[in-house]
Amino acid sequence: MNAAMVAKHFPGILPATPDLRVYHGYLEVQDAAQQARWFWVRIETSKQGSMHDAKLSSDSELSKMLGMLDPHVLKARLGDSPDMHAYLVELRELVERILRQDAAPAKPAPRMYATLLAELDQLGWNALLDLHPTLTSLRLRATDGAQRTHVLEVDLPAAYPDKPPVFTADLPEPLVLEWQPGWGIKHALEAFHVAVARYQDL
C-alpha cells in the first residue's frame with residue numbers, strides 16, 4: 001500500500017532497490033507563485049525499513065535550502081514519518097514553506113514606521129489622501145492654481161528612508177524626482193508641486 005501511495009502522489013520518485021528501501025527521483029513542489037518546481041532526492045531507510053534513521057540526499061539547490069533549517073528539527077520532523085509516503089509528504093511541505101518564506105516581501109523596519117509618521121505629522125495629514133494599512137504606500141494630494149487636485153502615489157521600500165521611494169503621478173509626462181540625501185515625504189511633495197505648476201496652462 002505504501003509503495004502504491006508513493007507512485008500515486010509522487011510519480012517522479014521511484015524505488016531504486018527491489019526491497020523498496022531506497023527511493024530516488026524528482027520531488028515536485030509548488031512555489032509561492034503556484035509554479036511547479038522539481039528537486040532531485042534520494043532516500044534510504046534502515047534495514048528494518050524505519051524512517052527514523054533514513055538518509056536523505058538531494059541536489060545542491062535543495063541541500064542549500066534545507067541547510068537553512070535546524071538539522072535536529074529537520075531530522076525529527078522527517079524521522080517521525082511512519083512510512084516513505086508520509087516522509088515525502090512532510091519533505092514536500094517543508095520545501096514549499098521555505099519557498100513561500102523566500103518569496104515573502106521584506107517587512108519594513110520599525111524605524112521606517114516612525115520616520116513616516118513623523119514626516120506626515122510635519123507635512124500635515126490634510127495632504128494625505130490614502131495610506132495603506134501596512135504603511136508601505138500612500139497617496140498625497142497637490143492642488144494647482146485652478147483648484148484641480150493632482151495625486152502623487154508613493155511606494156515605500158522596507159529600508160526607507162535609507163532607500164528612496166518610488167513615485168507615480170497623474171501628469172502629462174513621467175515624474176522624475178532626483179532624491180537627495182536627507183529628503184523625506186515633505187520634500188517629495190514640494191517637488192511635485194513644482195512639477196504640477198509646469199502644466200498649469202494645460
# chains A, B, ... in the order shown; residues from 1 in each chain; ligands from 1
$ select_by_dssp --residues "range 2-175 of chain A" --states "alpha helix (DSSP H)" --output "MDAnalysis selection string"
chainID A and resid 2:9 60:66 71:79 84:103 110:123
$ closest_atom_pairs --of "range 117-177 of chain A" --to "range 194-199 of chain A" --cutoff "8 Å" --atoms "only C-alpha atoms" --output "tab-separated table"
residue	atom	partner	partner_atom	distance
A:Ala142	CA	A:Val196	CA	8.0
A:Asp144	CA	A:Ala197	CA	6.7
A:His150	CA	A:Val196	CA	7.7
A:Leu171	CA	A:Val196	CA	7.3
A:Pro172	CA	A:Tyr199	CA	7.9
A:Leu175	CA	A:Ala195	CA	7.6
$ write_last_selection --atoms "N, CA, C and O atoms" --output "PDB file, in the first residue's frame"
ATOM      1  N   ALA A 142      -1.991  67.360  -4.296  1.00  0.00           N
ATOM      2  CA  ALA A 142      -1.465  68.699  -4.559  1.00  0.00           C
ATOM      3  C   ALA A 142      -2.515  69.435  -5.372  1.00  0.00           C
ATOM      4  O   ALA A 142      -3.044  68.890  -6.346  1.00  0.00           O
ATOM      5  N   ASP A 144      -3.533  72.682  -7.755  1.00  0.00           N
ATOM      6  CA  ASP A 144      -2.916  73.722  -8.572  1.00  0.00           C
ATOM      7  C   ASP A 144      -3.719  75.014  -8.487  1.00  0.00           C
ATOM      8  O   ASP A 144      -4.703  75.110  -7.746  1.00  0.00           O
ATOM      9  N   HIS A 150      -4.219  67.011  -7.910  1.00  0.00           N
ATOM     10  CA  HIS A 150      -3.308  66.054  -8.545  1.00  0.00           C
ATOM     11  C   HIS A 150      -2.801  65.090  -7.473  1.00  0.00           C
ATOM     12  O   HIS A 150      -2.618  65.474  -6.319  1.00  0.00           O
ATOM     13  N   LEU A 171       0.510  63.109 -14.240  1.00  0.00           N
ATOM     14  CA  LEU A 171       0.987  64.256 -15.000  1.00  0.00           C
ATOM     15  C   LEU A 171       1.141  63.867 -16.468  1.00  0.00           C
ATOM     16  O   LEU A 171       1.243  62.675 -16.800  1.00  0.00           O
ATOM     17  N   PRO A 172       1.172  64.853 -17.385  1.00  0.00           N
ATOM     18  CA  PRO A 172       1.312  64.539 -18.814  1.00  0.00           C
ATOM     19  C   PRO A 172       2.598  63.780 -19.142  1.00  0.00           C
ATOM     20  O   PRO A 172       2.653  63.037 -20.126  1.00  0.00           O
ATOM     21  N   LEU A 175       6.932  61.553 -13.912  1.00  0.00           N
ATOM     22  CA  LEU A 175       7.537  62.381 -12.866  1.00  0.00           C
ATOM     23  C   LEU A 175       8.924  61.845 -12.526  1.00  0.00           C
ATOM     24  O   LEU A 175       9.085  60.663 -12.224  1.00  0.00           O
TER      25      LEU A 175
END
$ residues_around --residues "Thr45 in chain A" --least-positions-apart "5" --cutoff "12 Å" --atoms "only C-alpha atoms" --output "list in words"
Pro15, Ala16, Thr17, Asp19, Leu20, Arg21, Val22, Tyr23, His24, Ser50, Met51, His52, Asp53, Ala54, Lys55, Leu56, Ser57, Leu78, Gly79, Ser81, Pro82, Asp83, Met84 and Tyr87 of chain A
$ write_last_selection --atoms "N, CA and C atoms" --output "CSV table (one decimal), in the first residue's frame"
chain,number,residue,atom,x,y,z
A,15,PRO,N,11.2,3.5,-6.8
A,15,PRO,CA,12.1,2.6,-5.9
A,15,PRO,C,13.4,2.3,-6.7
A,16,ALA,N,14.5,2.4,-6.0
A,16,ALA,CA,15.8,2.1,-6.6
A,16,ALA,C,16.3,0.7,-6.3
A,17,THR,N,15.6,0.0,-5.3
A,17,THR,CA,16.0,-1.3,-5.0
A,17,THR,C,14.8,-2.2,-4.9
A,19,ASP,N,13.9,-4.2,-2.6
A,19,ASP,CA,13.3,-4.3,-1.3
A,19,ASP,C,12.6,-3.0,-0.9
A,20,LEU,N,12.6,-2.0,-1.8
A,20,LEU,CA,11.9,-0.7,-1.5
A,20,LEU,C,12.5,0.1,-0.4
A,21,ARG,N,13.8,-0.2,-0.1
A,21,ARG,CA,14.4,0.6,1.0
A,21,ARG,C,15.0,1.9,0.5
A,22,VAL,N,15.2,2.0,-0.8
A,22,VAL,CA,15.8,3.2,-1.4
A,22,VAL,C,14.8,3.7,-2.5
A,23,TYR,N,14.5,5.0,-2.4
A,23,TYR,CA,13.7,5.7,-3.5
A,23,TYR,C,14.6,6.8,-4.0
A,24,HIS,N,14.4,7.1,-5.2
A,24,HIS,CA,15.1,8.3,-5.8
A,24,HIS,C,14.3,8.8,-6.9
A,50,SER,N,12.8,1.4,8.8
A,50,SER,CA,12.4,2.6,9.6
A,50,SER,C,12.8,3.9,9.0
A,51,MET,N,11.9,4.9,9.1
A,51,MET,CA,12.2,6.2,8.6
A,51,MET,C,13.0,7.1,9.6
A,52,HIS,N,13.1,6.6,10.8
A,52,HIS,CA,13.8,7.4,11.9
A,52,HIS,C,15.2,7.7,11.5
A,53,ASP,N,15.9,6.7,10.9
A,53,ASP,CA,17.3,6.9,10.6
A,53,ASP,C,17.5,7.0,9.0
A,54,ALA,N,16.5,7.4,8.4
A,54,ALA,CA,16.5,7.5,6.9
A,54,ALA,C,17.6,8.5,6.5
A,55,LYS,N,18.3,8.2,5.4
A,55,LYS,CA,19.3,9.1,4.9
A,55,LYS,C,18.8,9.8,3.7
A,56,LEU,N,18.8,11.1,3.7
A,56,LEU,CA,18.3,12.0,2.7
A,56,LEU,C,19.5,12.6,1.9
A,57,SER,N,19.5,12.4,0.6
A,57,SER,CA,20.5,13.1,-0.3
A,57,SER,C,19.7,13.9,-1.3
A,78,LEU,N,11.1,14.7,9.8
A,78,LEU,CA,11.1,13.7,8.8
A,78,LEU,C,11.1,12.3,9.4
A,79,GLY,N,11.9,12.2,10.5
A,79,GLY,CA,12.1,10.9,11.2
A,79,GLY,C,10.8,10.3,11.8
A,81,SER,N,8.0,10.3,10.5
A,81,SER,CA,7.1,9.8,9.5
A,81,SER,C,7.0,8.3,9.6
A,82,PRO,N,5.8,7.7,9.5
A,82,PRO,CA,5.6,6.3,9.7
A,82,PRO,C,6.0,5.5,8.5
A,83,ASP,N,6.1,6.1,7.3
A,83,ASP,CA,6.5,5.3,6.1
A,83,ASP,C,7.0,6.3,5.0
A,84,MET,N,7.4,5.8,3.9
A,84,MET,CA,8.0,6.6,2.8
A,84,MET,C,7.1,7.6,2.3
A,87,TYR,N,6.8,10.4,4.7
A,87,TYR,CA,8.1,11.1,4.7
A,87,TYR,C,8.2,12.1,3.5
$ atom_distance --atom1 "CA of Gln101 in chain A" --atom2 "CA of Ala33 in chain A"
11.9 Å
$ closest_residue --among "A:Val95, A:Ala169, A:Val151, A:Leu120" --to "Leu69 in chain A" --atoms "only C-alpha atoms"
A:Val95
$ atom_distance --atom1 "CA of Ala86 in chain A" --atom2 "CA of Gln30 in chain A"
17.6 Å
$ select_by_dssp --residues "range 9-147 of chain A" --states "strand (DSSP E or B)" --output "MDAnalysis selection string"
chainID A and resid 13:15 22:30 36:44 55:58 128:131 137:143
$ write_last_selection --atoms "N, CA, C and O atoms" --output "CSV table (one decimal), in the first residue's frame"
chain,number,residue,atom,x,y,z
A,13,ILE,N,9.2,10.0,-8.3
A,13,ILE,CA,10.1,9.3,-7.4
A,13,ILE,C,9.8,7.8,-7.4
A,13,ILE,O,8.7,7.3,-7.2
A,14,LEU,N,10.9,7.0,-7.7
A,14,LEU,CA,10.7,5.6,-8.0
A,14,LEU,C,11.6,4.7,-7.0
A,14,LEU,O,12.6,5.2,-6.5
A,15,PRO,N,11.2,3.5,-6.8
A,15,PRO,CA,12.1,2.6,-5.9
A,15,PRO,C,13.4,2.3,-6.7
A,15,PRO,O,13.4,2.1,-7.9
A,22,VAL,N,15.2,2.0,-0.8
A,22,VAL,CA,15.8,3.2,-1.4
A,22,VAL,C,14.8,3.7,-2.5
A,22,VAL,O,14.4,2.9,-3.4
A,23,TYR,N,14.5,5.0,-2.4
A,23,TYR,CA,13.7,5.7,-3.5
A,23,TYR,C,14.6,6.8,-4.0
A,23,TYR,O,15.3,7.5,-3.2
A,24,HIS,N,14.4,7.1,-5.2
A,24,HIS,CA,15.1,8.3,-5.8
A,24,HIS,C,14.3,8.8,-6.9
A,24,HIS,O,13.4,8.2,-7.5
A,25,GLY,N,14.6,10.1,-7.3
A,25,GLY,CA,13.9,10.7,-8.4
A,25,GLY,C,13.7,12.2,-8.1
A,25,GLY,O,14.4,12.8,-7.4
A,26,TYR,N,12.6,12.8,-8.7
A,26,TYR,CA,12.4,14.2,-8.6
A,26,TYR,C,11.1,14.5,-7.8
A,26,TYR,O,10.1,14.0,-8.1
A,27,LEU,N,11.3,15.3,-6.8
A,27,LEU,CA,10.3,15.7,-5.9
A,27,LEU,C,9.6,17.0,-6.5
A,27,LEU,O,10.3,18.0,-6.7
A,28,GLU,N,8.3,16.9,-6.8
A,28,GLU,CA,7.6,18.1,-7.3
A,28,GLU,C,7.0,18.9,-6.2
A,28,GLU,O,6.3,18.3,-5.3
A,29,VAL,N,7.3,20.2,-6.2
A,29,VAL,CA,6.7,21.1,-5.2
A,29,VAL,C,6.1,22.3,-5.9
A,29,VAL,O,6.4,22.5,-7.1
A,30,GLN,N,5.3,23.1,-5.2
A,30,GLN,CA,4.7,24.3,-5.7
A,30,GLN,C,5.4,25.5,-5.0
A,30,GLN,O,5.4,25.5,-3.8
A,36,ALA,N,5.2,24.8,-10.6
A,36,ALA,CA,5.9,23.6,-10.2
A,36,ALA,C,7.4,23.7,-10.3
A,36,ALA,O,7.9,24.3,-11.3
A,37,ARG,N,8.0,23.1,-9.3
A,37,ARG,CA,9.5,23.0,-9.3
A,37,ARG,C,9.9,21.6,-8.9
A,37,ARG,O,9.1,20.9,-8.2
A,38,TRP,N,11.0,21.1,-9.4
A,38,TRP,CA,11.5,19.8,-9.2
A,38,TRP,C,12.9,19.8,-8.5
A,38,TRP,O,13.7,20.5,-8.9
A,39,PHE,N,13.0,18.9,-7.6
A,39,PHE,CA,14.3,18.7,-6.9
A,39,PHE,C,14.6,17.3,-6.8
A,39,PHE,O,13.8,16.4,-6.5
A,40,TRP,N,15.9,16.9,-7.1
A,40,TRP,CA,16.3,15.5,-7.1
A,40,TRP,C,16.6,15.1,-5.7
A,40,TRP,O,17.2,15.8,-4.9
A,41,VAL,N,16.0,13.9,-5.3
A,41,VAL,CA,16.2,13.4,-3.9
A,41,VAL,C,16.5,11.9,-4.0
A,41,VAL,O,16.1,11.2,-4.9
A,42,ARG,N,17.2,11.5,-2.9
A,42,ARG,CA,17.4,10.0,-2.7
A,42,ARG,C,17.2,9.7,-1.3
A,42,ARG,O,17.8,10.4,-0.4
A,43,ILE,N,16.4,8.8,-1.0
A,43,ILE,CA,16.0,8.5,0.4
A,43,ILE,C,16.3,7.0,0.7
A,43,ILE,O,15.8,6.2,0.0
A,44,GLU,N,17.1,6.7,1.7
A,44,GLU,CA,17.4,5.4,2.0
A,44,GLU,C,17.1,5.1,3.5
A,44,GLU,O,17.5,5.8,4.4
A,55,LYS,N,18.3,8.2,5.4
A,55,LYS,CA,19.3,9.1,4.9
A,55,LYS,C,18.8,9.8,3.7
A,55,LYS,O,18.3,9.2,2.7
A,56,LEU,N,18.8,11.1,3.7
A,56,LEU,CA,18.3,12.0,2.7
A,56,LEU,C,19.5,12.6,1.9
A,56,LEU,O,20.3,13.3,2.5
A,57,SER,N,19.5,12.4,0.6
A,57,SER,CA,20.5,13.1,-0.3
A,57,SER,C,19.7,13.9,-1.3
A,57,SER,O,18.5,13.6,-1.6
A,58,SER,N,20.2,15.0,-1.7
A,58,SER,CA,19.5,15.9,-2.7
A,58,SER,C,20.4,16.7,-3.5
A,58,SER,O,21.6,16.7,-3.3
A,128,LEU,N,-2.8,64.1,2.9
A,128,LEU,CA,-2.9,62.6,2.7
A,128,LEU,C,-4.2,62.2,2.2
A,128,LEU,O,-5.3,62.5,2.8
A,129,LEU,N,-4.2,61.5,1.1
A,129,LEU,CA,-5.5,61.0,0.5
A,129,LEU,C,-5.7,59.6,1.0
A,129,LEU,O,-6.9,59.2,1.3
A,130,ASP,N,-4.7,58.8,1.1
A,130,ASP,CA,-4.8,57.4,1.4
A,130,ASP,C,-3.5,56.9,1.9
A,130,ASP,O,-2.5,57.2,1.5
A,131,LEU,N,-3.6,55.9,2.9
A,131,LEU,CA,-2.5,55.3,3.5
A,131,LEU,C,-2.7,53.8,3.6
A,131,LEU,O,-3.7,53.4,4.2
A,137,SER,N,2.7,52.2,1.4
A,137,SER,CA,2.4,53.0,0.3
A,137,SER,C,1.3,54.1,0.7
A,137,SER,O,0.6,53.9,1.7
A,138,LEU,N,1.3,55.2,0.0
A,138,LEU,CA,0.4,56.3,0.3
A,138,LEU,C,0.2,57.1,-0.9
A,138,LEU,O,0.9,57.1,-1.9
A,139,ARG,N,-0.9,57.9,-0.8
A,139,ARG,CA,-1.3,58.9,-1.9
A,139,ARG,C,-1.4,60.2,-1.3
A,139,ARG,O,-2.1,60.4,-0.3
A,140,LEU,N,-0.7,61.2,-1.9
A,140,LEU,CA,-0.7,62.6,-1.5
A,140,LEU,C,-1.4,63.5,-2.5
A,140,LEU,O,-1.4,63.2,-3.7
A,141,ARG,N,-2.0,64.6,-2.0
A,141,ARG,CA,-2.7,65.5,-3.0
A,141,ARG,C,-1.9,66.8,-3.1
A,141,ARG,O,-1.3,67.3,-2.1
A,142,ALA,N,-2.0,67.4,-4.3
A,142,ALA,CA,-1.5,68.7,-4.6
A,142,ALA,C,-2.5,69.4,-5.4
A,142,ALA,O,-3.0,68.9,-6.3
A,143,THR,N,-2.8,70.7,-5.0
A,143,THR,CA,-3.9,71.4,-5.7
A,143,THR,C,-3.2,72.6,-6.4
A,143,THR,O,-2.4,73.3,-5.9
